[in-house]
file structure_23.cif (mmCIF, C-alpha atoms)
data_data
#
loop_
_atom_site.label_atom_id
_atom_site.label_comp_id
_atom_site.auth_asym_id
_atom_site.auth_seq_id
_atom_site.Cartn_x
_atom_site.Cartn_y
_atom_site.Cartn_z
CA MET A 192 0.00 0.00 0.00
CA GLU A 193 1.28 3.46 -0.94
CA LEU A 194 1.43 5.76 2.09
CA ASP A 195 1.94 9.10 0.32
CA GLU A 196 -0.63 11.82 0.75
CA ASP A 197 -1.45 14.03 -2.25
CA THR A 198 -1.63 17.76 -1.53
CA LEU A 199 -4.86 19.26 -2.84
CA GLN A 200 -4.64 22.77 -1.37
CA VAL A 201 -2.31 24.78 0.92
CA ASN A 202 -3.13 27.97 2.82
CA THR A 203 -0.63 30.02 4.80
CA ILE A 204 -2.15 30.69 8.22
CA TYR A 205 0.73 32.63 9.77
CA GLU A 206 4.09 34.01 8.64
CA GLY A 207 6.53 34.87 11.44
CA CYS A 208 10.19 35.70 11.93
CA ILE A 209 11.30 32.09 12.32
CA PHE A 210 8.64 29.88 10.75
CA ARG A 211 5.46 29.76 8.67
CA VAL A 212 2.29 27.84 9.56
CA GLU A 213 0.43 26.19 6.72
CA GLN A 214 -2.84 24.28 6.62
CA ALA A 215 -3.06 21.70 3.87
CA LEU A 216 -5.93 19.67 2.50
CA VAL A 217 -4.64 16.25 1.47
CA ARG A 218 -5.94 13.10 -0.17
CA LEU A 219 -5.17 10.04 1.94
CA PRO A 220 -4.05 6.70 0.47
CA ASP A 221 -7.61 5.37 0.80
CA GLY A 222 -9.02 8.35 -1.16
CA ASN A 223 -10.48 10.22 1.82
CA ARG A 224 -9.48 13.80 2.60
CA ALA A 225 -7.82 15.18 5.73
CA CYS A 226 -6.42 18.44 7.09
CA ARG A 227 -2.71 18.82 7.97
CA ASP A 228 -1.30 21.71 10.01
CA VAL A 229 2.41 22.16 9.36
CA VAL A 230 5.07 24.45 10.82
CA LYS A 231 7.49 25.18 7.96
CA HIS A 232 10.92 25.76 9.49
CA PRO A 233 14.22 26.56 7.70
CA GLY A 234 16.17 23.99 9.71
CA ALA A 235 18.76 24.30 12.44
CA VAL A 236 22.09 23.03 13.72
CA ALA A 237 23.27 21.83 17.12
CA ILE A 238 26.84 21.32 18.23
CA LEU A 239 28.31 18.88 20.75
CA ALA A 240 31.49 20.80 21.54
CA TRP A 241 34.45 19.25 23.40
CA PRO A 242 36.84 21.79 25.00
CA SER A 243 38.76 18.74 26.31
CA SER A 244 38.52 15.00 25.76
CA ASN A 245 35.86 14.46 28.43
CA THR A 246 34.27 17.92 28.84
CA VAL A 247 31.31 19.30 26.86
CA VAL A 248 29.91 22.80 26.50
CA LEU A 249 26.34 23.55 27.60
CA VAL A 250 24.41 26.80 27.45
CA ARG A 251 21.52 27.78 29.69
CA GLN A 252 18.82 30.05 28.38
CA PHE A 253 15.20 30.92 29.01
CA ARG A 254 12.89 29.35 26.45
CA TYR A 255 9.65 31.29 26.24
CA ALA A 256 7.68 28.37 24.74
CA THR A 257 8.43 26.18 27.78
CA GLY A 258 8.41 28.97 30.34
CA GLU A 259 11.67 27.79 31.85
CA GLU A 260 15.44 27.93 31.59
CA LEU A 261 16.95 24.93 29.83
CA TRP A 262 20.44 23.45 29.62
CA GLU A 263 21.24 22.75 25.97
CA ILE A 264 24.13 22.19 23.62
CA PRO A 265 24.80 25.28 21.45
CA ALA A 266 22.37 25.51 18.54
CA GLY A 267 20.77 27.89 16.09
CA LYS A 268 18.61 28.40 13.04
CA LEU A 269 19.88 28.17 9.49
CA GLU A 270 19.76 31.43 7.54
CA PRO A 271 18.32 31.27 3.97
CA GLY A 272 20.76 29.39 1.72
CA GLU A 273 23.24 28.83 4.56
CA ASN A 274 25.33 25.66 4.60
CA PRO A 275 24.68 23.67 7.82
CA GLU A 276 28.40 23.27 8.54
CA ALA A 277 29.00 27.03 8.22
CA CYS A 278 25.99 27.64 10.45
CA ALA A 279 27.41 25.26 13.08
CA VAL A 280 30.73 27.16 13.13
CA ARG A 281 28.88 30.50 13.33
CA GLU A 282 26.49 29.43 16.10
CA LEU A 283 29.20 27.81 18.23
CA SER A 284 31.32 30.95 17.97
CA GLU A 285 28.42 33.33 18.70
CA GLU A 286 27.12 31.42 21.72
CA THR A 287 30.36 30.18 23.32
CA GLY A 288 33.34 31.93 21.77
CA PHE A 289 34.75 28.59 20.59
CA ARG A 290 35.77 27.92 16.99
CA PRO A 291 36.29 24.28 16.01
CA GLN A 292 39.29 23.03 14.09
CA LEU A 293 37.51 19.70 13.59
CA LEU A 294 33.80 19.49 12.81
CA LYS A 295 32.05 16.19 12.14
CA HIS A 296 28.43 15.63 11.12
CA ILE A 297 26.77 13.08 13.44
CA TYR A 298 23.08 12.91 12.49
CA SER A 299 20.34 14.84 10.78
CA PHE A 300 16.88 14.33 12.23
CA TYR A 301 13.41 15.84 12.27
CA THR A 302 12.62 17.41 15.63
CA SER A 303 8.82 16.90 15.58
CA PRO A 304 7.76 15.32 12.26
CA GLY A 305 4.10 15.11 13.25
CA PHE A 306 3.68 18.84 12.65
CA SER A 307 7.04 20.47 11.79
CA SER A 308 9.41 20.35 8.82
CA GLU A 309 12.40 21.35 10.99
CA LEU A 310 15.46 19.26 10.12
CA LEU A 311 18.24 19.53 12.68
CA TYR A 312 21.88 18.87 11.77
CA LEU A 313 23.89 17.61 14.74
CA TYR A 314 27.66 18.15 14.72
CA GLU A 315 30.58 17.22 16.94
CA ALA A 316 33.22 19.95 17.39
CA LYS A 317 36.75 19.26 18.62
CA ASN A 318 40.10 21.06 18.90
CA LEU A 319 38.40 24.27 19.97
CA ILE A 320 40.04 27.68 19.84
CA LEU A 321 38.69 30.37 22.16
CA SER A 322 37.73 33.68 20.57
CA PRO A 323 35.34 36.46 21.66
CA SER A 324 31.66 35.47 21.59
CA SER A 325 28.90 37.76 20.32
CA THR A 326 25.37 36.54 20.91
CA ASP A 327 22.43 37.94 18.97
CA ASP A 328 20.81 41.08 20.41
CA ASP A 329 17.78 39.10 21.62
CA GLU A 330 19.79 36.18 23.00
CA PHE A 331 20.73 35.94 26.67
CA LEU A 332 22.52 32.85 27.89
CA THR A 333 25.20 31.50 30.17
CA THR A 334 27.83 29.01 29.12
CA THR A 335 29.43 26.25 31.17
CA THR A 336 31.68 23.28 30.63
CA ILE A 337 30.83 20.01 32.31
CA SER A 338 32.19 16.48 32.23
CA LEU A 339 30.28 14.05 30.05
CA GLN A 340 29.75 11.86 33.12
CA GLU A 341 28.13 14.76 35.03
CA ALA A 342 25.99 15.69 32.00
CA ILE A 343 24.73 12.09 31.79
CA HIS A 344 23.95 12.29 35.52
CA TRP A 345 21.96 15.48 34.85
CA LEU A 346 19.91 13.46 32.33
CA SER A 347 18.89 10.99 35.03
CA GLN A 348 17.91 13.92 37.27
CA GLU A 349 15.91 15.51 34.42
CA ARG A 350 18.04 18.66 34.68
CA ILE A 351 18.52 18.35 30.92
CA ARG A 352 15.18 18.10 29.12
CA ASP A 353 16.05 19.35 25.63
CA ALA A 354 15.75 16.60 22.98
CA LYS A 355 18.72 17.58 20.79
CA THR A 356 20.94 17.71 23.85
CA ILE A 357 19.72 14.33 25.06
CA VAL A 358 20.41 12.80 21.62
CA ALA A 359 23.91 14.31 21.53
CA LEU A 360 24.86 13.25 25.05
CA LEU A 361 23.60 9.69 24.63
CA TRP A 362 25.49 9.45 21.33
CA ALA A 363 28.66 10.67 23.09
CA ARG A 364 28.24 8.15 25.90
CA GLN A 365 27.79 5.35 23.38
CA GLN A 366 30.94 6.44 21.52
CA GLN A 367 32.95 6.29 24.73
CA MET A 368 31.58 2.83 25.55
CA ALA A 369 32.37 1.43 22.09
#

call {"tool": "encode", "arguments": {"input": "structure_23.cif", "output": "structure tokens"}}
result
Amino acid sequence: MELDEDTLQVNTIYEGCIFRVEQALVRLPDGNRACRDVVKHPGAVAILAWPSSNTVVLVRQFRYATGEELWEIPAGKLEPGENPEACAVRELSEETGFRPQLLKHIYSFYTSPGFSSELLYLYEAKNLILSPSSTDDDEFLTTTTISLQEAIHWLSQERIRDAKTIVALLWARQQQMA
């Protein structure tokens, strides 16, 4: 059975600074029709940065959508036409002041495929060089370094609740166990 849904009509419901919300009318594989609400997002990057062989960089910032401060790995939105690797270097530098000499793509994954097109590119950054950081005007955060072991402990305490950070830290732990 084919699982594709044919798009019959698309209406833009909202156009914001970061994303667009569309409502689509689709034809289902069985011929029936359904409505799909989709957040169209340009994509983003996240960086698991290692200042030393067993220490990672985390940033803490208030996330309005959750109403709380979250510990996360550095991350940011892709600009139109921007290469994900270049975005990773830019975001890491802006948020932490670190520039990587080695950058490796780990995974690309959809953050919430049930309603969003956001594709996140996860990178590992090593051999970091410290340079001045310059966050965006509307970005307020603190940066810390923490051992991977302590970060994994924070997962068990639910001190880290951000999905991209959880994916990155569990990947790192698996790499060290292999």

call {"tool": "resolve_selection", "arguments": {"input": "structure_23.cif", "expression": "the PyMOL selection byres ((chain A and resi 313) around 7)", "output": "NGL selection string"}}
result
:A and (236-238 or 296-299 or 311-312 or 314)

call {"tool": "closest_residue", "arguments": {"input": "structure_23.cif", "among": "A:Gln200, A:Ala235, A:Leu346, A:Pro304", "to": "Ala277 (chain A)", "atoms": "only C-alpha atoms"}}
result
A:Ala235

call {"tool": "atom_distance", "arguments": {"input": "structure_23.cif", "atom1": "CA of Gly207 (chain A)", "atom2": "CA of Val230 (chain A)"}}
result
10.5 Å

call {"tool": "closest_residue", "arguments": {"input": "structure_23.cif", "among": "A:Arg350, A:Phe210, A:Asn245, A:Ala256", "to": "Lys268 (chain A)", "atoms": "all atoms listed in the file"}}
result
A:Phe210

call {"tool": "closest_residue", "arguments": {"input": "structure_23.cif", "among": "A:Gly272, A:Val280, A:Val358, A:Phe306", "to": "Gln214 (chain A)", "atoms": "all atoms listed in the file"}}
result
A:Phe306

call {"tool": "resolve_selection", "arguments": {"input": "structure_23.cif", "expression": "the PyMOL selection byres ((chain A and resi 281) around 12)", "output": "PyMOL selection string"}}
result
chain A and resi 235-238+265-270+273-280+282-291+322+324-327

call {"tool": "residues_around", "arguments": {"input": "structure_23.cif", "residues": "Ser303 (chain A)", "least_positions_apart": "4", "cutoff": "12 Å", "atoms": "only C-alpha atoms", "output": "list in words"}}
result
Val229, Val230, Lys231, His232, Gly234, Ser307, Ser308, Glu309, Leu310, Leu311, Ala354 and Lys355 of chain A

call {"tool": "closest_residue", "arguments": {"input": "structure_23.cif", "among": "A:Thr333, A:Asn202, A:Thr356, A:Gln348", "to": "Ala240 (chain A)", "atoms": "all atoms listed in the file"}}
result
A:Thr356

call {"tool": "residues_around", "arguments": {"input": "structure_23.cif", "residues": "Asp197 (chain A)", "least_positions_apart": "3", "cutoff": "9 Å", "atoms": "only C-alpha atoms", "output": "MDAnalysis selection string"}}
result
chainID A and resid 216:220

call {"tool": "decode", "arguments": {"input": "structure_23.cif", "residues": "region 237-248 of chain A", "atoms": "all heavy atoms", "output": "tab-separated table (two decimals), in the first residue's frame"}}
result
chain	number	residue	atom	x	y	z
A	237	ALA	N	22.91	21.95	15.70
A	237	ALA	CA	23.27	21.83	17.12
A	237	ALA	C	24.67	21.26	17.17
A	237	ALA	O	25.06	20.46	16.30
A	237	ALA	CB	22.29	20.93	17.85
A	238	ILE	N	25.42	21.67	18.18
A	238	ILE	CA	26.84	21.32	18.23
A	238	ILE	C	27.21	20.73	19.58
A	238	ILE	O	27.04	21.38	20.61
A	238	ILE	CB	27.73	22.55	17.96
A	238	ILE	CG1	27.30	23.29	16.68
A	238	ILE	CG2	29.19	22.14	17.86
A	238	ILE	CD1	26.42	24.48	16.93
A	239	LEU	N	27.73	19.51	19.56
A	239	LEU	CA	28.31	18.88	20.75
A	239	LEU	C	29.78	19.26	20.74
A	239	LEU	O	30.57	18.71	19.96
A	239	LEU	CB	28.13	17.37	20.69
A	239	LEU	CG	28.75	16.58	21.84
A	239	LEU	CD1	28.09	16.94	23.17
A	239	LEU	CD2	28.63	15.09	21.59
A	240	ALA	N	30.14	20.24	21.56
A	240	ALA	CA	31.49	20.80	21.54
A	240	ALA	C	32.30	20.27	22.71
A	240	ALA	O	31.84	20.25	23.85
A	240	ALA	CB	31.42	22.33	21.60
A	241	TRP	N	33.53	19.84	22.42
A	241	TRP	CA	34.45	19.25	23.40
A	241	TRP	C	35.64	20.18	23.63
A	241	TRP	O	36.60	20.15	22.86
A	241	TRP	CB	34.97	17.92	22.87
A	241	TRP	CG	33.95	16.87	22.61
A	241	TRP	CD1	33.30	16.63	21.43
A	241	TRP	CD2	33.49	15.88	23.52
A	241	TRP	NE1	32.45	15.57	21.58
A	241	TRP	CE2	32.55	15.08	22.85
A	241	TRP	CE3	33.77	15.61	24.87
A	241	TRP	CZ2	31.89	14.02	23.47
A	241	TRP	CZ3	33.11	14.54	25.47
A	241	TRP	CH2	32.19	13.76	24.78
A	242	PRO	N	35.65	20.99	24.70
A	242	PRO	CA	36.84	21.79	25.00
A	242	PRO	C	38.02	20.92	25.43
A	242	PRO	O	39.17	21.32	25.29
A	242	PRO	CB	36.41	22.69	26.15
A	242	PRO	CG	34.95	22.52	26.30
A	242	PRO	CD	34.55	21.29	25.58
A	243	SER	N	37.73	19.74	25.99
A	243	SER	CA	38.76	18.74	26.31
A	243	SER	C	38.16	17.38	26.01
A	243	SER	O	37.00	17.27	25.64
A	243	SER	CB	39.18	18.85	27.79
A	243	SER	OG	38.12	18.48	28.64
A	244	SER	N	38.95	16.33	26.19
A	244	SER	CA	38.52	15.00	25.76
A	244	SER	C	37.30	14.47	26.51
A	244	SER	O	36.63	13.58	26.01
A	244	SER	CB	39.67	14.01	25.89
A	244	SER	OG	40.05	13.89	27.25
A	245	ASN	N	37.00	14.98	27.69
A	245	ASN	CA	35.86	14.46	28.43
A	245	ASN	C	34.94	15.57	28.95
A	245	ASN	O	34.14	15.36	29.84
A	245	ASN	CB	36.32	13.59	29.61
A	245	ASN	CG	35.19	12.75	30.17
A	245	ASN	OD1	34.34	12.26	29.43
A	245	ASN	ND2	35.15	12.62	31.48
A	246	THR	N	35.05	16.78	28.39
A	246	THR	CA	34.27	17.92	28.84
A	246	THR	C	33.46	18.47	27.67
A	246	THR	O	34.01	18.67	26.58
A	246	THR	CB	35.19	19.01	29.40
A	246	THR	OG1	36.03	18.45	30.40
A	246	THR	CG2	34.40	20.15	30.00
A	247	VAL	N	32.17	18.74	27.90
A	247	VAL	CA	31.31	19.30	26.86
A	247	VAL	C	30.83	20.69	27.26
A	247	VAL	O	30.86	21.05	28.43
A	247	VAL	CB	30.10	18.39	26.57
A	247	VAL	CG1	30.55	17.04	26.02
A	247	VAL	CG2	29.22	18.21	27.79
A	248	VAL	N	30.41	21.45	26.28
A	248	VAL	CA	29.91	22.80	26.50
A	248	VAL	C	28.38	22.77	26.50
A	248	VAL	O	27.76	22.20	25.61
A	248	VAL	CB	30.37	23.77	25.38
A	248	VAL	CG1	29.79	25.16	25.58
A	248	VAL	CG2	31.88	23.82	25.31
